[in-house]
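Pasted below: my_file-v4.txt, compact mmCIF, C-alpha atoms.
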```txt
# COMPACT_ATOMS: atom_id res chain seq x y z
CA MET K 1 -129.39 -47.49 126.84
CA PRO K 2 -132.32 -49.76 127.75
CA LYS K 3 -135.24 -49.68 125.44
CA TRP K 4 -138.54 -49.09 127.33
CA ASN K 5 -141.52 -51.16 126.28
CA LEU K 6 -144.32 -48.54 126.18
CA ASP K 7 -146.90 -51.26 125.70
CA HIS K 8 -146.00 -52.97 128.97
CA PRO K 9 -149.02 -53.11 131.42
CA ALA K 10 -146.91 -51.52 134.17
CA VAL K 11 -146.54 -48.38 132.07
CA ASN K 12 -150.18 -48.17 131.00
CA HIS K 13 -151.67 -49.31 134.31
CA GLU K 14 -153.75 -46.16 134.92
CA ALA K 15 -155.21 -46.11 131.45
CA SER K 16 -155.98 -49.80 131.34
CA SER K 17 -157.38 -50.26 134.88
CA PRO K 18 -160.85 -51.88 134.80
CA MET K 19 -161.88 -49.95 137.94
CA MET K 20 -162.12 -46.44 136.46
CA ARG K 21 -162.11 -44.88 133.04
CA MET K 22 -162.50 -41.12 132.38
CA ARG K 23 -163.64 -39.64 129.12
CA GLN K 24 -163.78 -35.96 128.30
CA GLY K 25 -166.90 -35.05 126.26
CA ASP K 26 -168.83 -31.96 125.24
CA ALA K 27 -171.34 -32.38 128.08
CA GLY K 28 -168.70 -32.73 130.78
CA ILE K 29 -166.53 -35.38 132.34
CA LYS K 30 -167.87 -38.94 132.19
CA HIS K 31 -166.94 -41.75 134.55
CA GLY K 32 -167.67 -45.35 133.56
CA ASP K 33 -166.97 -48.73 135.07
CA GLY K 34 -164.96 -49.67 131.99
CA MET K 35 -166.43 -53.17 131.81
CA THR K 36 -166.02 -54.73 128.38
CA ASN K 37 -167.76 -58.05 128.93
CA GLY K 38 -170.85 -57.04 126.93
CA GLN K 39 -172.84 -55.67 129.88
CA ASP K 40 -174.16 -52.10 129.89
CA GLU K 41 -172.05 -49.56 131.72
CA GLU K 42 -173.07 -47.22 134.51
CA GLU K 43 -171.99 -43.65 133.91
CA GLU K 44 -171.64 -40.52 135.96
CA ILE K 45 -171.51 -37.26 134.03
CA HIS K 46 -170.35 -34.01 135.63
CA HIS K 47 -171.77 -31.05 133.70
CA PRO K 48 -170.11 -27.63 133.55
CA ASP K 49 -173.10 -26.02 135.36
CA GLY K 50 -172.49 -28.21 138.42
CA LYS K 51 -175.20 -30.81 137.94
CA VAL K 52 -174.26 -34.47 138.15
CA GLU K 53 -176.04 -37.10 136.05
CA HIS K 54 -175.91 -40.77 136.99
CA ILE K 55 -177.01 -43.21 134.30
CA ALA K 56 -177.74 -46.72 135.57
CA ALA K 57 -177.17 -49.89 133.60
CA ASP K 58 -180.93 -50.22 132.91
CA GLY K 59 -181.03 -46.73 131.36
CA SER K 60 -182.67 -44.94 134.26
CA ARG K 61 -181.13 -41.63 135.26
CA VAL K 62 -180.71 -39.55 138.40
CA ILE K 63 -179.74 -35.90 137.97
CA THR K 64 -178.60 -33.88 140.98
CA PHE K 65 -178.54 -30.11 140.53
CA SER K 66 -176.19 -27.74 142.27
CA ASN K 67 -179.01 -26.30 144.43
CA GLY K 68 -179.88 -29.76 145.80
CA THR K 69 -182.84 -30.50 143.52
CA ARG K 70 -182.90 -34.16 142.42
CA LYS K 71 -184.56 -35.54 139.28
CA GLU K 72 -185.17 -39.26 138.75
CA ILE K 73 -186.15 -40.52 135.30
CA SER K 74 -187.21 -44.10 134.57
CA ALA K 75 -185.49 -46.08 131.85
CA ASP K 76 -188.42 -45.62 129.45
CA GLY K 77 -188.75 -41.92 130.30
CA GLU K 78 -192.42 -42.36 131.23
CA ALA K 79 -192.05 -41.78 134.99
CA ILE K 80 -190.27 -38.77 136.48
CA VAL K 81 -189.82 -37.74 140.12
CA VAL K 82 -188.40 -34.32 140.97
CA THR K 83 -187.52 -33.57 144.60
CA PHE K 84 -186.92 -29.85 144.98
CA PHE K 85 -184.49 -28.24 147.37
CA ASN K 86 -187.37 -26.74 149.41
CA GLY K 87 -188.96 -30.14 150.04
CA ASP K 88 -191.61 -29.93 147.30
CA MET K 89 -192.01 -33.00 145.11
CA LYS K 90 -193.35 -33.42 141.57
CA GLN K 91 -194.19 -36.83 140.12
CA ILE K 92 -195.10 -37.52 136.50
CA MET K 93 -196.68 -40.97 136.32
CA SER K 94 -196.63 -43.39 133.42
CA ASP K 95 -200.41 -42.88 133.06
CA LYS K 96 -199.75 -39.12 132.52
CA ARG K 97 -200.98 -38.05 135.96
CA VAL K 98 -198.96 -35.23 137.51
CA VAL K 99 -198.78 -35.18 141.33
CA TYR K 100 -197.27 -32.12 143.05
CA TYR K 101 -196.71 -32.05 146.80
CA TYR K 102 -196.27 -28.67 148.52
CA SER K 103 -194.02 -29.23 151.51
CA GLU K 104 -194.81 -25.96 153.31
CA THR K 105 -198.60 -26.45 153.35
CA GLY K 106 -198.77 -30.26 153.17
CA THR K 107 -201.07 -30.00 150.15
CA THR K 108 -201.11 -32.51 147.28
CA HIS K 109 -202.25 -31.37 143.81
CA THR K 110 -202.99 -34.11 141.26
CA THR K 111 -203.71 -33.30 137.59
CA TYR K 112 -205.23 -35.98 135.34
CA PRO K 113 -204.87 -36.25 131.55
CA ASP K 114 -208.56 -35.38 131.03
CA GLY K 115 -208.11 -32.05 132.86
CA LEU K 116 -209.50 -33.07 136.26
CA GLU K 117 -207.54 -31.60 139.18
CA ILE K 118 -207.74 -32.84 142.78
CA LEU K 119 -206.30 -30.95 145.75
CA GLN K 120 -205.93 -32.72 149.10
CA PHE K 121 -205.28 -30.61 152.20
CA PRO K 122 -203.80 -31.79 155.51
CA ASN K 123 -207.11 -31.13 157.33
CA ASN K 124 -208.78 -33.79 155.10
CA GLN K 125 -210.50 -31.20 152.93
CA THR K 126 -210.54 -32.20 149.25
CA GLU K 127 -211.24 -30.10 146.17
CA LYS K 128 -212.02 -31.39 142.69
CA HIS K 129 -211.77 -28.99 139.75
CA TYR K 130 -213.55 -30.36 136.68
CA PRO K 131 -212.75 -29.38 133.09
CA ASP K 132 -216.20 -27.74 132.68
CA GLY K 133 -215.37 -25.26 135.45
CA THR K 134 -217.30 -27.03 138.24
CA LYS K 135 -215.58 -27.22 141.63
CA GLU K 136 -216.47 -29.86 144.20
CA ILE K 137 -215.28 -29.28 147.79
CA THR K 138 -215.54 -31.99 150.45
CA PHE K 139 -215.06 -30.58 153.96
CA PRO K 140 -213.75 -32.55 156.96
CA ASP K 141 -217.33 -32.92 158.31
CA GLN K 142 -218.27 -34.56 154.94
CA THR K 143 -220.30 -31.58 153.74
CA ILE K 144 -219.95 -31.39 149.95
CA LYS K 145 -220.17 -28.05 148.17
CA TYR K 146 -220.46 -27.60 144.40
CA LEU K 147 -219.53 -24.35 142.69
CA PHE K 148 -220.85 -24.30 139.13
CA ALA K 149 -219.44 -22.33 136.23
CA ASN K 150 -222.74 -20.41 135.83
CA GLY K 151 -222.41 -18.96 139.35
CA ASN K 152 -224.85 -21.29 141.12
CA GLU K 153 -223.88 -23.23 144.25
CA GLU K 154 -225.10 -26.40 145.91
CA SER K 155 -224.19 -27.83 149.33
CA VAL K 156 -225.07 -31.31 150.57
CA PHE K 157 -224.74 -31.63 154.36
CA ALA K 158 -223.98 -34.81 156.27
CA ASP K 159 -227.57 -35.02 157.59
CA GLY K 160 -228.98 -34.99 154.04
CA THR K 161 -229.97 -31.31 153.94
CA VAL K 162 -229.40 -29.71 150.53
CA LEU K 163 -228.81 -25.97 150.09
CA ARG K 164 -228.94 -24.42 146.63
CA VAL K 165 -227.88 -20.81 146.04
CA SER K 166 -228.50 -19.18 142.66
CA LYS K 167 -226.18 -16.55 141.27
CA ASN K 168 -228.78 -13.86 142.13
CA GLY K 169 -228.61 -14.84 145.82
CA GLU K 170 -231.87 -16.78 146.15
CA LYS K 171 -231.59 -19.81 148.42
CA THR K 172 -233.52 -23.07 148.46
CA MET K 173 -233.12 -25.58 151.30
CA GLU K 174 -234.46 -29.13 151.19
CA PHE K 175 -234.62 -30.95 154.54
CA PRO K 176 -234.61 -34.71 155.22
CA ASN K 177 -238.12 -34.48 156.74
CA GLY K 178 -239.53 -33.35 153.40
CA GLN K 179 -239.81 -29.64 154.22
CA ARG K 180 -238.52 -27.06 151.77
CA GLU K 181 -237.53 -23.45 152.44
CA ILE K 182 -237.02 -20.66 149.91
CA HIS K 183 -235.31 -17.33 150.64
CA THR K 184 -235.59 -14.39 148.22
CA LYS K 185 -235.19 -10.65 148.59
CA GLN K 186 -238.96 -10.33 149.06
CA TYR K 187 -239.82 -13.22 151.38
CA LYS K 188 -238.92 -16.43 153.17
CA LYS K 189 -241.20 -19.36 152.46
CA ARG K 190 -241.48 -22.76 154.15
CA GLU K 191 -243.26 -25.60 152.33
CA TYR K 192 -244.44 -28.62 154.36
CA PRO K 193 -244.93 -32.23 153.21
CA ASP K 194 -248.72 -31.98 153.69
CA GLY K 195 -248.84 -29.13 151.16
CA SER K 196 -249.08 -26.26 153.66
CA VAL K 197 -247.00 -23.15 152.93
CA LYS K 198 -245.91 -20.40 155.33
CA THR K 199 -244.47 -17.17 153.95
CA VAL K 200 -242.84 -14.31 155.84
CA TYR K 201 -242.44 -11.11 153.81
CA THR K 202 -239.84 -8.41 154.30
CA ASP K 203 -242.57 -5.95 155.34
CA GLY K 204 -243.44 -8.17 158.31
CA ARG K 205 -246.48 -9.94 156.87
CA GLN K 206 -246.85 -13.64 157.59
CA GLU K 207 -248.99 -15.73 155.27
CA THR K 208 -249.96 -19.34 155.85
CA ARG K 209 -251.73 -21.46 153.23
CA TYR K 210 -253.04 -24.68 154.67
CA SER K 211 -253.47 -27.82 152.63
CA ASN K 212 -256.88 -29.17 151.74
CA GLY K 213 -256.52 -31.42 154.77
CA ARG K 214 -256.73 -28.23 156.87
CA ASP K 215 -259.74 -26.92 154.80
CA GLY K 216 -257.48 -25.00 152.37
CA ARG K 217 -257.77 -21.68 154.16
CA GLN K 218 -255.15 -18.91 153.98
CA GLU K 219 -254.05 -16.90 157.00
CA THR K 220 -252.14 -13.61 156.79
CA ARG K 221 -250.61 -11.89 159.82
CA TYR K 222 -249.46 -8.28 159.47
CA SER K 223 -246.75 -6.48 161.42
CA ASN K 224 -249.35 -4.18 163.04
CA GLY K 225 -251.16 -7.17 164.57
CA ARG K 226 -253.87 -7.48 161.91
CA ILE K 227 -254.98 -11.02 161.04
CA ARG K 228 -256.87 -11.88 157.89
CA VAL K 229 -258.13 -15.36 157.06
CA LYS K 230 -259.57 -16.50 153.72
CA ASP K 231 -261.34 -19.75 153.00
CA LYS K 232 -260.30 -22.10 150.22
CA ASP K 233 -262.33 -20.08 147.71
CA GLY K 234 -260.67 -16.77 148.69
CA ALA K 235 -263.54 -15.33 150.72
CA ILE K 236 -262.45 -13.39 153.83
CA ILE K 237 -263.75 -15.11 156.95
CA VAL K 238 -261.61 -13.26 159.52
CA ASP K 239 -260.17 -9.77 159.38
CA LYS K 240 -259.22 -8.25 162.70
CA THR K 241 -256.49 -6.41 164.55
CA CYS K 242 -255.29 -7.91 167.81
```
Before we go any further, please render this structure as structure tokens.
Amino acid sequence: MPKWNLDHPAVNHEASSPMMRMRQGDAGIKHGDGMTNGQDEEEEIHHPDGKVEHIAADGSRVITFSNGTRKEISADGEAIVVTFFNGDMKQIMSDKRVVYYYSETGTTHTTYPDGLEILQFPNNQTEKHYPDGTKEITFPDQTIKYLFANGNEESVFADGTVLRVSKNGEKTMEFPNGQREIHTKQYKKREYPDGSVKTVYTDGRQETRYSNGRDGRQETRYSNGRIRVKDKDGAIIVDKTC
């Protein structure tokens, strides 16, 4: 009988082919290019749970999960990109920033290593959440609103007007022309650049204090039509009902 040479390449062709080599491991089935010339191999690992891991020659990896989610990891492990099956995307940058994109709303949420968070909306509205609890909102018309941790608010409008709202509801408005308006539960007061002040009370009274340039007198108008005027020293010079 002929004696078969089991070491002959024709017999071991499948096992010795440089095109494909399969290895069975604990993690799953591995496919390599089988190159033995000293260069790194590329591998594809099929895990029992259905995910497939591709390891490139430079050490970077791409993992595809059974639900369609895809995870890309750089060779040094510092940068990671996860593309979810629903279209969302999460990126972990080498500088430790984390950027999450919400596909359904078109919103991007970036978290920085120092705790700062920035949300960017498709209508060009931007929100910044600071570590101290302050929130800064920039609206499409470039109005900027600050929400402070103590409950106070401040809005800066595009024309330069500033609105401050305290946690007890009192409002202060500062206008570009130098005027200032204060709203409380008891009154509304307007202060003018020349020092004059006009106050309207909740009971209907209107009080105007003129600056020294207008002789410093004070005028009060009541809801019943009464008018009372005092001079700069407080003496009543007019007191009548119209």
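Across the model, the gap from CA of Thr184 (chain K) to CA of Thr202 (chain K) is 9.5 Å.
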Worksheet item: Which of these, K:Leu116, K:Val200, K:Ile63, K:Ala235, has the shortest distance to Lys128 (chain K) once you count all atoms listed in the file?
Response: K:Leu116
Worksheet entry | Shell around region 153-160 of chain K at 6 Å using all atoms listed in the file, local window under 2 positions removed, as a list of chain:residue names |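 Here the qualifying residues turn out to be K:Gln142, K:Thr143, K:Ile144, K:Lys145, K:Tyr146, K:Leu147, K:Val162, K:Leu163, K:Arg164, K:Val165, K:Pro176.
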Item to complete: Give me, please, the distance in Å between CA of Ser60 (chain K) and CA of Glu44 (chain K), quoted to one decimal.
Response: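 Those two atoms sit 12.0 Å apart.
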Excluding Lys230 (chain K) and any residue of its chain fewer than 6 positions from it, enumerate the residues within 7 Å of it, using all atoms listed in the file, and give them as an mmCIF file with C-alpha atoms, in the frame of the given file.
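Output file result.cif is given in full below:
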```cif
data_model
loop_
_atom_site.group_PDB
_atom_site.id
_atom_site.type_symbol
_atom_site.label_atom_id
_atom_site.label_comp_id
_atom_site.auth_asym_id
_atom_site.auth_seq_id
_atom_site.Cartn_x
_atom_site.Cartn_y
_atom_site.Cartn_z
ATOM 1 C CA ARG K 217 -257.770 -21.680 154.160
ATOM 2 C CA GLN K 218 -255.150 -18.910 153.980
ATOM 3 C CA GLU K 219 -254.050 -16.900 157.000
ATOM 4 C CA ILE K 236 -262.450 -13.390 153.830
ATOM 5 C CA ILE K 237 -263.750 -15.110 156.950
ATOM 6 C CA VAL K 238 -261.610 -13.260 159.520
#
```
Discussion item. I'd like to know which of K:Ala149, K:Val82, K:Leu119, K:Val229 is closest to Gly133 (chain K), using all atoms listed in the file.
Written reply: K:Ala149
